[in-house]
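Text of structure-v7.cif, listed as mmCIF, C-alpha atoms and all ligand atoms:
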data_structure
#
loop_
_atom_site.label_atom_id
_atom_site.label_comp_id
_atom_site.auth_asym_id
_atom_site.auth_seq_id
_atom_site.Cartn_x
_atom_site.Cartn_y
_atom_site.Cartn_z
CA MET A 1 88.74 9.92 126.49
CA ARG A 2 92.23 10.86 125.37
CA VAL A 3 93.72 10.03 121.99
CA LEU A 4 97.47 10.06 121.42
CA SER A 5 99.54 9.86 118.31
CA GLY A 6 103.11 10.50 117.25
CA ILE A 7 104.74 10.97 113.89
CA GLN A 8 108.45 10.67 113.16
CA PRO A 9 110.24 13.62 111.61
CA THR A 10 112.40 11.40 109.40
CA GLY A 11 111.60 13.25 106.16
CA ARG A 12 109.08 15.58 104.60
CA PHE A 13 105.49 14.32 104.74
CA HIS A 14 104.01 12.75 101.61
CA TRP A 15 100.52 11.92 100.38
CA GLY A 16 100.71 8.47 102.02
CA ASN A 17 101.41 10.02 105.42
CA TYR A 18 98.60 12.50 104.98
CA PHE A 19 95.78 10.37 103.60
CA GLY A 20 96.85 7.24 105.50
CA ALA A 21 97.46 8.82 108.88
CA ILE A 22 97.71 12.57 109.51
CA ARG A 23 94.31 13.50 108.11
CA GLN A 24 92.66 10.87 110.27
CA TYR A 25 94.53 12.01 113.42
CA ILE A 26 93.58 15.59 112.83
CA ASP A 27 89.92 14.68 112.41
CA LEU A 28 89.97 13.03 115.84
CA GLN A 29 90.77 16.34 117.56
CA HIS A 30 87.11 17.24 117.17
CA GLU A 31 85.91 14.16 119.03
CA GLN A 32 88.37 13.66 121.87
CA GLN A 33 91.11 15.32 123.84
CA ALA A 34 94.12 14.86 121.58
CA PHE A 35 97.84 14.72 122.32
CA TYR A 36 100.05 14.76 119.22
CA PHE A 37 103.83 14.61 119.36
CA ILE A 38 106.64 14.82 116.89
CA ALA A 39 108.69 11.71 117.62
CA ASP A 40 112.19 13.14 117.49
CA LEU A 41 113.60 10.59 119.98
CA HIS A 42 112.47 7.77 117.71
CA ALA A 43 113.83 9.63 114.67
CA LEU A 44 117.30 9.63 116.26
CA THR A 45 117.67 5.99 115.23
CA THR A 46 117.46 7.15 111.58
CA VAL A 47 118.45 10.83 111.28
CA ARG A 48 122.03 11.38 112.40
CA GLU A 49 122.48 14.99 111.32
CA PRO A 50 121.63 17.45 114.13
CA ALA A 51 120.77 20.40 111.88
CA LEU A 52 118.58 18.20 109.70
CA LEU A 53 116.74 16.68 112.67
CA ARG A 54 116.07 20.15 114.07
CA GLN A 55 114.78 21.35 110.70
CA LEU A 56 112.59 18.28 110.11
CA THR A 57 111.08 18.61 113.60
CA LEU A 58 110.19 22.26 112.99
CA ASP A 59 108.89 21.42 109.50
CA ALA A 60 106.69 18.69 110.94
CA ALA A 61 105.15 21.15 113.41
CA ILE A 62 104.51 23.72 110.66
CA ASP A 63 103.06 21.04 108.37
CA LEU A 64 100.68 19.71 111.03
CA LEU A 65 99.41 23.19 111.87
CA ALA A 66 98.99 24.04 108.18
CA LEU A 67 97.06 20.79 107.67
CA GLY A 68 94.53 21.78 110.28
CA LEU A 69 95.84 20.67 113.66
CA ASN A 70 94.26 23.21 115.97
CA PRO A 71 96.49 23.99 118.97
CA GLU A 72 93.44 25.20 120.90
CA ARG A 73 91.94 21.73 120.67
CA ALA A 74 94.97 19.46 120.46
CA VAL A 75 98.19 19.43 122.46
CA LEU A 76 101.19 19.53 120.10
CA PHE A 77 104.76 19.01 121.32
CA ALA A 78 108.11 17.43 120.56
CA GLN A 79 108.67 14.05 122.22
CA SER A 80 112.11 15.03 123.58
CA SER A 81 110.65 18.06 125.41
CA VAL A 82 109.03 15.69 127.89
CA PRO A 83 111.91 14.01 129.79
CA GLU A 84 109.37 12.23 132.02
CA VAL A 85 108.77 9.86 129.09
CA SER A 86 112.40 8.73 129.05
CA GLU A 87 112.30 8.08 132.80
CA LEU A 88 109.12 6.09 132.42
CA CYS A 89 110.77 4.19 129.59
CA TRP A 90 113.42 2.92 132.01
CA LEU A 91 110.79 1.70 134.49
CA LEU A 92 109.09 -0.23 131.70
CA MET A 93 112.40 -1.51 130.34
CA THR A 94 113.04 -3.34 133.63
CA LEU A 95 109.85 -5.34 132.97
CA ALA A 96 110.29 -5.97 129.24
CA PRO A 97 111.26 -9.58 128.42
CA MET A 98 114.03 -9.86 125.80
CA GLY A 99 112.01 -12.50 123.96
CA LEU A 100 109.05 -10.16 123.58
CA LEU A 101 111.22 -7.45 122.03
CA GLU A 102 113.04 -9.95 119.82
CA ARG A 103 109.69 -10.84 118.26
CA CYS A 104 108.84 -7.23 117.39
CA HIS A 105 108.95 -6.74 113.65
CA ALA A 106 110.82 -3.41 113.29
CA TYR A 107 113.84 -5.11 114.87
CA LYS A 108 113.21 -8.58 113.46
CA ASP A 109 112.87 -7.30 109.88
CA LYS A 110 116.15 -5.43 110.08
CA ILE A 111 118.00 -8.44 111.46
CA ALA A 112 116.40 -10.67 108.82
CA LYS A 113 117.84 -8.38 106.14
CA GLY A 114 121.27 -8.85 107.74
CA LEU A 115 121.41 -5.19 108.77
CA PRO A 116 122.96 -4.13 112.07
CA ALA A 117 120.40 -2.92 114.62
CA ASP A 118 121.11 -0.72 117.62
CA ALA A 119 119.60 -0.96 121.09
CA GLY A 120 117.48 2.08 120.26
CA LEU A 121 115.67 0.16 117.54
CA PHE A 122 115.50 -2.96 119.71
CA THR A 123 113.83 -1.09 122.57
CA TYR A 124 111.70 1.11 120.31
CA PRO A 125 108.45 -0.57 121.42
CA VAL A 126 109.26 0.22 125.07
CA LEU A 127 109.76 3.90 124.35
CA MET A 128 106.54 3.80 122.38
CA ALA A 129 104.81 2.23 125.38
CA ALA A 130 106.15 5.02 127.58
CA ASP A 131 104.89 7.60 125.07
CA ILE A 132 101.41 6.13 125.29
CA LEU A 133 101.24 5.42 129.03
CA ALA A 134 102.70 8.78 130.07
CA TYR A 135 99.49 10.55 129.11
CA ASP A 136 96.92 8.01 130.36
CA SER A 137 95.93 7.57 126.71
CA ASP A 138 92.77 5.58 126.07
CA SER A 139 93.06 5.31 122.34
CA VAL A 140 95.99 5.20 119.92
CA PRO A 141 95.20 5.50 116.22
CA VAL A 142 97.72 3.45 114.24
CA GLY A 143 98.12 1.61 110.97
CA GLN A 144 97.76 -2.18 110.93
CA ASP A 145 101.55 -2.55 111.12
CA GLN A 146 101.69 -0.89 114.56
CA ASP A 147 99.13 -3.14 116.20
CA GLN A 148 101.89 -5.37 117.62
CA HIS A 149 103.50 -2.41 119.40
CA ILE A 150 100.23 -1.50 121.09
CA GLU A 151 100.01 -5.10 122.33
CA VAL A 152 103.53 -4.75 123.80
CA CYS A 153 102.40 -1.57 125.52
CA ARG A 154 99.35 -3.30 126.99
CA ASP A 155 101.53 -6.24 128.11
CA LEU A 156 104.00 -3.99 129.89
CA ALA A 157 101.30 -1.84 131.49
CA GLY A 158 99.41 -4.94 132.61
CA LYS A 159 102.55 -6.44 134.12
CA PHE A 160 103.38 -3.20 135.96
CA ASN A 161 99.83 -2.92 137.29
CA TYR A 162 99.90 -6.55 138.44
CA LEU A 163 103.22 -6.14 140.25
CA TYR A 164 102.80 -2.67 141.73
CA GLY A 165 99.06 -2.06 141.78
CA GLU A 166 96.83 -0.03 139.46
CA THR A 167 99.16 2.52 137.84
CA PHE A 168 98.62 2.72 134.09
CA VAL A 169 95.59 3.06 131.85
CA LEU A 170 95.54 0.22 129.31
CA PRO A 171 95.18 1.81 125.85
CA LYS A 172 93.27 0.47 122.89
CA ALA A 173 94.55 0.53 119.32
CA LYS A 174 92.28 2.33 116.91
CA ILE A 175 93.23 0.76 113.59
CA LEU A 176 93.05 3.36 110.86
CA ASP A 177 91.16 2.90 107.66
CA ASN A 178 93.33 0.66 105.51
CA ALA A 179 91.54 1.66 102.33
CA ALA A 180 93.75 4.72 102.28
CA LYS A 181 96.90 2.83 101.31
CA VAL A 182 98.39 5.33 98.90
CA PRO A 183 100.36 4.10 95.86
CA GLY A 184 103.59 5.82 94.85
CA LEU A 185 105.00 6.94 91.50
CA ASP A 186 105.90 3.33 90.63
CA GLY A 187 102.54 1.89 91.71
CA GLU A 188 104.08 0.28 94.84
CA LYS A 189 103.11 1.58 98.29
CA MET A 190 104.22 5.21 98.62
CA SER A 191 107.10 5.30 101.07
CA LYS A 192 110.07 7.55 101.83
CA SER A 193 112.41 4.59 101.67
CA TYR A 194 111.18 3.61 98.19
CA ASN A 195 111.84 7.10 96.88
CA ASN A 196 108.49 7.12 95.08
CA THR A 197 106.68 9.88 96.94
CA LEU A 198 104.65 12.94 96.14
CA GLU A 199 105.42 15.34 98.95
CA LEU A 200 102.62 17.35 100.49
CA PHE A 201 104.27 20.72 100.24
CA GLU A 202 106.28 20.26 97.10
CA ASP A 203 106.43 23.11 94.60
CA PRO A 204 103.45 22.54 92.24
CA LYS A 205 105.64 22.74 89.12
CA ALA A 206 108.07 20.14 90.42
CA GLN A 207 105.15 17.98 91.52
CA ARG A 208 103.55 18.21 88.08
CA LYS A 209 106.79 16.91 86.53
CA LYS A 210 106.82 13.99 88.96
CA ILE A 211 103.19 13.20 88.18
CA MET A 212 103.96 13.13 84.44
CA ARG A 213 106.59 10.46 85.22
CA ILE A 214 104.18 8.12 87.07
CA VAL A 215 104.55 4.60 85.69
CA THR A 216 101.56 3.36 83.66
CA ASP A 217 100.87 0.26 81.60
CA SER A 218 101.00 0.19 77.80
CA ARG A 219 97.46 -0.88 76.99
CA PRO A 220 96.12 0.95 73.91
CA MET A 221 94.08 4.13 74.32
CA GLU A 222 90.91 2.67 72.80
CA MET A 223 90.69 -0.07 75.41
CA PRO A 224 88.17 0.38 78.26
CA LYS A 225 89.89 0.07 81.66
CA ASN A 226 88.86 -0.68 85.20
CA PRO A 227 89.53 2.48 87.27
CA ASP A 228 89.61 0.54 90.54
CA GLU A 229 92.73 -1.33 89.45
CA ASP A 230 94.68 1.72 88.39
CA HIS A 231 97.03 3.57 90.73
CA LEU A 232 96.76 6.79 88.71
CA PHE A 233 93.02 6.74 89.32
CA GLN A 234 93.56 5.95 93.01
CA LEU A 235 95.76 9.01 93.36
CA TYR A 236 93.29 11.12 91.42
CA SER A 237 90.46 10.00 93.71
CA LEU A 238 92.30 11.38 96.73
CA VAL A 239 92.40 14.95 95.44
CA ALA A 240 89.46 15.18 93.01
CA THR A 241 85.90 16.17 93.91
CA GLY A 242 83.22 13.48 93.93
CA GLU A 243 81.93 14.65 90.55
CA GLU A 244 85.37 14.74 88.95
CA ARG A 245 86.05 11.28 90.28
CA GLN A 246 82.83 9.95 88.79
CA ALA A 247 83.52 11.56 85.41
CA MET A 248 87.02 10.10 85.36
CA ALA A 249 85.74 6.62 86.29
CA ASP A 250 83.29 6.82 83.36
CA LEU A 251 86.12 7.83 81.04
CA TYR A 252 88.16 4.80 82.14
CA ARG A 253 85.24 2.46 81.51
CA ARG A 254 84.54 3.98 78.09
CA GLY A 255 88.17 3.88 76.95
CA GLY A 256 89.57 6.10 74.26
CA PHE A 257 91.75 8.26 76.51
CA GLY A 258 95.46 8.58 77.15
CA TYR A 259 97.17 8.38 80.53
CA GLY A 260 98.74 11.77 79.76
CA GLU A 261 95.28 13.32 80.06
CA VAL A 262 94.71 11.64 83.42
CA LYS A 263 98.09 12.82 84.68
CA LYS A 264 97.31 16.38 83.70
CA ALA A 265 93.94 16.17 85.46
CA LEU A 266 95.69 14.70 88.52
CA ALA A 267 98.24 17.51 88.64
CA ASP A 268 95.47 20.13 88.30
CA ALA A 269 93.34 18.53 90.99
CA ALA A 270 96.33 18.21 93.33
CA GLU A 271 97.22 21.85 92.87
CA ARG A 272 93.67 22.88 93.73
CA PHE A 273 93.33 20.43 96.61
CA PHE A 274 96.49 21.62 98.37
CA ALA A 275 96.28 25.33 97.45
CA ALA A 276 94.76 26.47 100.74
CA VAL A 277 97.07 24.46 103.01
CA ARG A 278 100.07 25.50 100.95
CA GLU A 279 99.12 29.14 101.51
CA LYS A 280 98.56 28.49 105.21
CA ARG A 281 101.95 26.84 105.43
CA ALA A 282 103.67 29.77 103.78
CA GLU A 283 102.10 32.09 106.38
CA LEU A 284 103.20 29.88 109.26
CA ALA A 285 106.71 29.34 107.93
CA VAL A 286 107.55 33.01 108.42
CA GLN A 287 106.38 32.93 112.05
CA PRO A 288 108.91 30.65 113.78
CA GLU A 289 108.20 32.39 117.12
CA TYR A 290 104.56 31.43 116.90
CA ILE A 291 105.48 27.81 116.14
CA ARG A 292 107.82 27.76 119.13
CA GLU A 293 105.09 29.21 121.33
CA VAL A 294 102.64 26.54 120.24
CA LEU A 295 105.17 23.80 120.98
CA ALA A 296 106.11 25.37 124.32
CA ALA A 297 102.47 25.62 125.40
CA GLY A 298 101.92 22.02 124.32
CA THR A 299 105.00 20.94 126.26
CA VAL A 300 103.68 22.52 129.47
CA LYS A 301 100.40 20.59 129.18
CA ALA A 302 102.14 17.36 128.19
CA ARG A 303 104.67 17.58 131.04
CA ALA A 304 101.96 18.28 133.60
CA LYS A 305 100.19 15.05 132.64
CA ALA A 306 103.37 12.98 132.22
CA GLY A 307 104.72 14.25 135.55
CA GLU A 308 101.60 13.06 137.32
CA VAL A 309 101.80 9.61 135.73
CA LEU A 310 105.55 9.27 136.34
CA ALA A 311 105.14 10.20 140.02
CA ARG A 312 102.43 7.54 140.34
CA ALA A 313 104.69 4.92 138.75
CA GLN A 314 107.67 5.93 140.90
CA ARG A 315 105.65 5.85 144.11
CA ASN A 316 104.11 2.51 143.33
CA SER A 317 107.41 0.87 142.37
CA GLY A 318 109.25 2.03 145.51
CA LEU A 319 111.31 4.84 144.02
CA ARG A 320 109.68 7.48 146.18
P1 LIG A 401 109.59 4.76 105.88
O1 LIG A 401 109.87 4.51 104.42
O2 LIG A 401 110.74 5.31 106.65
O3 LIG A 401 108.86 3.62 106.55
P2 LIG A 401 107.13 6.03 105.28
O4 LIG A 401 107.19 6.95 104.10
O5 LIG A 401 106.58 4.67 105.07
O6 LIG A 401 108.58 5.99 105.89
P3 LIG A 401 106.23 6.24 107.94
O7 LIG A 401 106.98 7.21 108.80
O8 LIG A 401 106.52 4.79 108.00
O9 LIG A 401 106.35 6.75 106.43
O10 LIG A 401 104.67 6.40 108.18
C1 LIG A 401 104.06 7.46 108.91
C2 LIG A 401 102.58 7.20 108.89
O11 LIG A 401 102.08 7.30 107.55
C3 LIG A 401 102.19 5.80 109.37
O12 LIG A 401 101.02 5.90 110.16
C4 LIG A 401 101.91 5.03 108.10
O13 LIG A 401 100.96 4.01 108.29
C5 LIG A 401 101.39 6.12 107.17
N1 LIG A 401 101.73 5.80 105.77
C6 LIG A 401 102.97 5.81 105.23
N2 LIG A 401 102.94 5.49 103.93
C7 LIG A 401 101.64 5.27 103.62
C8 LIG A 401 100.94 4.92 102.41
N3 LIG A 401 101.57 4.74 101.26
N4 LIG A 401 99.60 4.78 102.47
C9 LIG A 401 98.93 4.97 103.64
N5 LIG A 401 99.51 5.31 104.80
C10 LIG A 401 100.85 5.46 104.81
MG MG A 402 106.76 3.07 106.64
#

Please rewrite the model in this file as structure tokens.
Ligand code: ATP
Ligand code: MG
Amino acid sequence: MRVLSGIQPTGRFHWGNYFGAIRQYIDLQHEQQAFYFIADLHALTTVREPALLRQLTLDAAIDLLALGLNPERAVLFAQSSVPEVSELCWLLMTLAPMGLLERCHAYKDKIAKGLPADAGLFTYPVLMAADILAYDSDSVPVGQDQDQHIEVCRDLAGKFNYLYGETFVLPKAKILDNAAKVPGLDGEKMSKSYNNTLELFEDPKAQRKKIMRIVTDSRPMEMPKNPDEDHLFQLYSLVATGEERQAMADLYRRGGFGYGEVKKALADAAERFFAAVREKRAELAVQPEYIREVLAAGTVKARAKAGEVLARAQRNSGLR
């Protein structure tokens, strides 16, 4: 069984990315053969500064390794290092109905907001299908919002197989635990575009300041509160130990505490929780050669697999 996942280097990773996605991907490396790529081709539809894109791609690789991605177990590479994927994308594009792509929400949402969309965004699900099919992936862990794109991938692969004979493995979506929807500083979903994030590798002092600014309600201190309805408590739960979490929940239910106290406890717990990975990241950041070697070794493995699949697709469709 092979699991595949990609993450876009469109900004620095935040708690939402980690607890909602990255942590769960990394855990899967222990169960299955894992291919993880940094989706720089996809990011091109958003990041239009070459130096920034290069930096964010490198940062993403360093972050993933610091967070526990083990290059001995998982294959890590940049999407653009595997040109076979772009060739495969064209083959799939010739089978992708316009109507199908018009219904895909990344494009539809943008148009609905009256924003201009480019062909890159329009055909995003086809490139994503190529990403998945190129490695004969069986399983693709994604959030609920990506389920539609996996269906497009299965549609295109099924159509190709029907026309040209058995070529592609049909992947299954592995919908990630939705419970880990992380709230941001304003209590809304944490998201780069909402500018309400706590970054993973932020300086602890700066992060503490941000935490002190988290929006809370104005109920009086004496009042008992339900921890499960409070975003401060939700954030705390992510980084606290089981015992700390329990003690904090009891405090909420008893009442007689201030949110300032909770924020301080959150900042302390966050600092402890991320201390080891922050140290690991600092070590990796001064070894750019090592990072490049890891990506190069990953690229070799990824291209070997993608080359095999592309040749199969070319042969079957009459290109060879
Ligand atoms: P954008 O604002 O550009 O959409 P984002 O901050 O929402 O960026 P994405 O690149 O969309 O981040 O998401 C990367 C991964 O992180 C996805 O798998 C997504 O489901 C997950 N993720 C993002 N934000 C959260 C969140 N607040 N809670 C849980 N998971 C999240
Ligand atoms: Mg998002």

- request: All residues within 7 Å of ligand LIG 401 (chain A) are required, counting only C-alpha atoms and all ligand atoms; please report them as a list in words.
  value: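 Written in the requested form, the residues are Ile7, Gln8, Thr10, Gly16, Asn17, Tyr18, Phe19, Gly20, Ala21, Val142, Gly143, Ala180, Lys181, Val182, Pro183, Gly184, Lys189, Met190, Ser191, Lys192, Ser193 and Tyr194 of chain A.
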
4 Å per side around range 67-83 of chain A: axis-aligned box centre and edge lengths, as AutoDock Vina command-line options:
--center_x 102.0 --center_y 19.6 --center_z 118.7 --size_x 28.2 --size_y 19.2 --size_z 30.1

message: Report, in Å to a single decimal, how far apart CA of Leu127 in chain A and CA of Phe168 in chain A are.
response: 14.8 Å

query: Between CA of Pro116 in chain A and CA of Asp147 in chain A, what is the distance, to one decimal in Å?
result: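 CA of Asp147 in chain A lies at a distance of 24.2 Å from CA of Pro116 in chain A.
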
- prompt: From the list A:Ile38, A:Ile150, A:Ala106, A:Leu176, which residue is nearest ligand MG 402 (chain A) when using only C-alpha atoms and all ligand atoms?
  reply: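 Smallest distance to ligand MG 402 (chain A) is found for A:Ala106.
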
For CA of Lys159 in chain A and CA of Phe37 in chain A, the interatomic separation in Å (one decimal): 25.7 Å

message: I want to know what sits within 9 Å of Phe13 in chain A, based on only C-alpha atoms, with residues of the same chain fewer than 4 positions away left out; could you give that as number ranges by chain?
response: A: 9, 17-18, 60, 63, 192, 198-201

Residue among A:Glu202, A:Leu121, A:Tyr25, A:Ala39 lying closest to Val277 in chain A, counting only C-alpha atoms: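 Under the stated criterion, the closest residue is A:Glu202.
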
- request: Please identify all polymer residues within 9 Å of range 70-74 of chain A, counting only C-alpha atoms, omitting same-chain residues fewer than 6 positions from it, and present them as a ChimeraX atom specification.
  value: /A:26,29-30,32-36,64,294-295,297-298

- request: List the neighbours of Thr241 in chain A out to 12 Å using all atoms listed in the file; skip same-chain residues closer than 2 positions along the sequence, and give me the result as a list in words.
  value: Tyr236, Ser237, Leu238, Val239, Glu243, Glu244, Arg245, Gln246, Ala247, Met248, Ala265, Leu266, Asp268, Ala269, Ala270, Arg272 and Phe273 of chain A

Export of prior selection with C-alpha atoms as a PDB file, keeping the file's coordinate frame:
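Saved to again.pdb:
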ATOM      1  CA  TYR A 236      93.290  11.120  91.420  1.00  0.00           C
ATOM      2  CA  SER A 237      90.460  10.000  93.710  1.00  0.00           C
ATOM      3  CA  LEU A 238      92.300  11.380  96.730  1.00  0.00           C
ATOM      4  CA  VAL A 239      92.400  14.950  95.440  1.00  0.00           C
ATOM      5  CA  GLU A 243      81.930  14.650  90.550  1.00  0.00           C
ATOM      6  CA  GLU A 244      85.370  14.740  88.950  1.00  0.00           C
ATOM      7  CA  ARG A 245      86.050  11.280  90.280  1.00  0.00           C
ATOM      8  CA  GLN A 246      82.830   9.950  88.790  1.00  0.00           C
ATOM      9  CA  ALA A 247      83.520  11.560  85.410  1.00  0.00           C
ATOM     10  CA  MET A 248      87.020  10.100  85.360  1.00  0.00           C
ATOM     11  CA  ALA A 265      93.940  16.170  85.460  1.00  0.00           C
ATOM     12  CA  LEU A 266      95.690  14.700  88.520  1.00  0.00           C
ATOM     13  CA  ASP A 268      95.470  20.130  88.300  1.00  0.00           C
ATOM     14  CA  ALA A 269      93.340  18.530  90.990  1.00  0.00           C
ATOM     15  CA  ALA A 270      96.330  18.210  93.330  1.00  0.00           C
ATOM     16  CA  ARG A 272      93.670  22.880  93.730  1.00  0.00           C
ATOM     17  CA  PHE A 273      93.330  20.430  96.610  1.00  0.00           C
TER      18      PHE A 273
END

message: Residues proximal to (109.5, -3.7, 115.9) were defined as those with any atom within 8 Å of that point in the file's coordinates, counting all atoms listed in the file. Which are they, as a count of residues only?
response: 14

query: Pick the closest to ligand MG 402 (chain A) from A:Glu87, A:Asp145, A:Asp250, A:Asp59: which is it, counting all atoms listed in the file?
result: A:Asp145

Polymer residues at most 12 Å from Asp217 in chain A, only C-alpha atoms, same-chain spacing of 2 or more positions, as a PyMOL selection string: chain A and resi 186-187+214-215+219-221+223+225+229-232+258-260

With the input short on atoms, add all heavy atoms back to range 116-124 of chain A and write it as a tab-separated table (two decimals), in the coordinates of the input.
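Once written, part_25.tsv looks like this:
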chain	number	residue	atom	x	y	z
A	116	PRO	N	122.68	-4.28	110.64
A	116	PRO	CA	122.96	-4.13	112.07
A	116	PRO	C	121.87	-3.29	112.74
A	116	PRO	O	121.42	-2.30	112.17
A	116	PRO	CB	124.30	-3.38	112.09
A	116	PRO	CG	124.35	-2.64	110.78
A	116	PRO	CD	123.54	-3.43	109.81
A	117	ALA	N	121.41	-3.69	113.90
A	117	ALA	CA	120.40	-2.92	114.62
A	117	ALA	C	121.02	-2.40	115.91
A	117	ALA	O	121.86	-3.07	116.50
A	117	ALA	CB	119.20	-3.80	114.94
A	118	ASP	N	120.61	-1.22	116.34
A	118	ASP	CA	121.11	-0.72	117.62
A	118	ASP	C	120.08	-0.95	118.71
A	118	ASP	O	118.93	-1.31	118.43
A	118	ASP	CB	121.53	0.75	117.52
A	118	ASP	CG	120.44	1.60	116.88
A	118	ASP	OD1	119.28	1.49	117.32
A	118	ASP	OD2	120.74	2.37	115.95
A	119	ALA	N	120.51	-0.72	119.97
A	119	ALA	CA	119.60	-0.96	121.09
A	119	ALA	C	118.40	-0.02	121.03
A	119	ALA	O	117.32	-0.34	121.53
A	119	ALA	CB	120.35	-0.80	122.42
A	120	GLY	N	118.58	1.13	120.41
A	120	GLY	CA	117.48	2.08	120.26
A	120	GLY	C	116.34	1.47	119.45
A	120	GLY	O	115.17	1.58	119.81
A	121	LEU	N	116.70	0.80	118.37
A	121	LEU	CA	115.67	0.16	117.54
A	121	LEU	C	115.07	-1.04	118.28
A	121	LEU	O	113.86	-1.27	118.25
A	121	LEU	CB	116.24	-0.28	116.19
A	121	LEU	CG	115.21	-0.86	115.22
A	121	LEU	CD1	114.28	0.23	114.70
A	121	LEU	CD2	115.88	-1.56	114.06
A	122	PHE	N	115.95	-1.78	118.97
A	122	PHE	CA	115.50	-2.96	119.71
A	122	PHE	C	114.46	-2.59	120.78
A	122	PHE	O	113.46	-3.26	120.96
A	122	PHE	CB	116.71	-3.65	120.36
A	122	PHE	CG	116.37	-4.92	121.09
A	122	PHE	CD1	115.88	-6.02	120.40
A	122	PHE	CD2	116.53	-5.01	122.46
A	122	PHE	CE1	115.55	-7.19	121.07
A	122	PHE	CE2	116.20	-6.18	123.13
A	122	PHE	CZ	115.71	-7.27	122.43
A	123	THR	N	114.72	-1.48	121.46
A	123	THR	CA	113.83	-1.09	122.57
A	123	THR	C	112.76	-0.07	122.14
A	123	THR	O	112.03	0.45	122.98
A	123	THR	CB	114.64	-0.50	123.75
A	123	THR	OG1	115.42	0.59	123.25
A	123	THR	CG2	115.55	-1.53	124.37
A	124	TYR	N	112.68	0.17	120.87
A	124	TYR	CA	111.70	1.11	120.31
A	124	TYR	C	110.28	0.88	120.86
A	124	TYR	O	109.61	1.84	121.27
A	124	TYR	CB	111.77	0.99	118.78
A	124	TYR	CG	110.68	1.64	117.96
A	124	TYR	CD1	110.94	2.82	117.27
A	124	TYR	CD2	109.42	1.06	117.83
A	124	TYR	CE1	109.96	3.42	116.50
A	124	TYR	CE2	108.44	1.65	117.06
A	124	TYR	CZ	108.70	2.83	116.40
A	124	TYR	OH	107.73	3.40	115.63
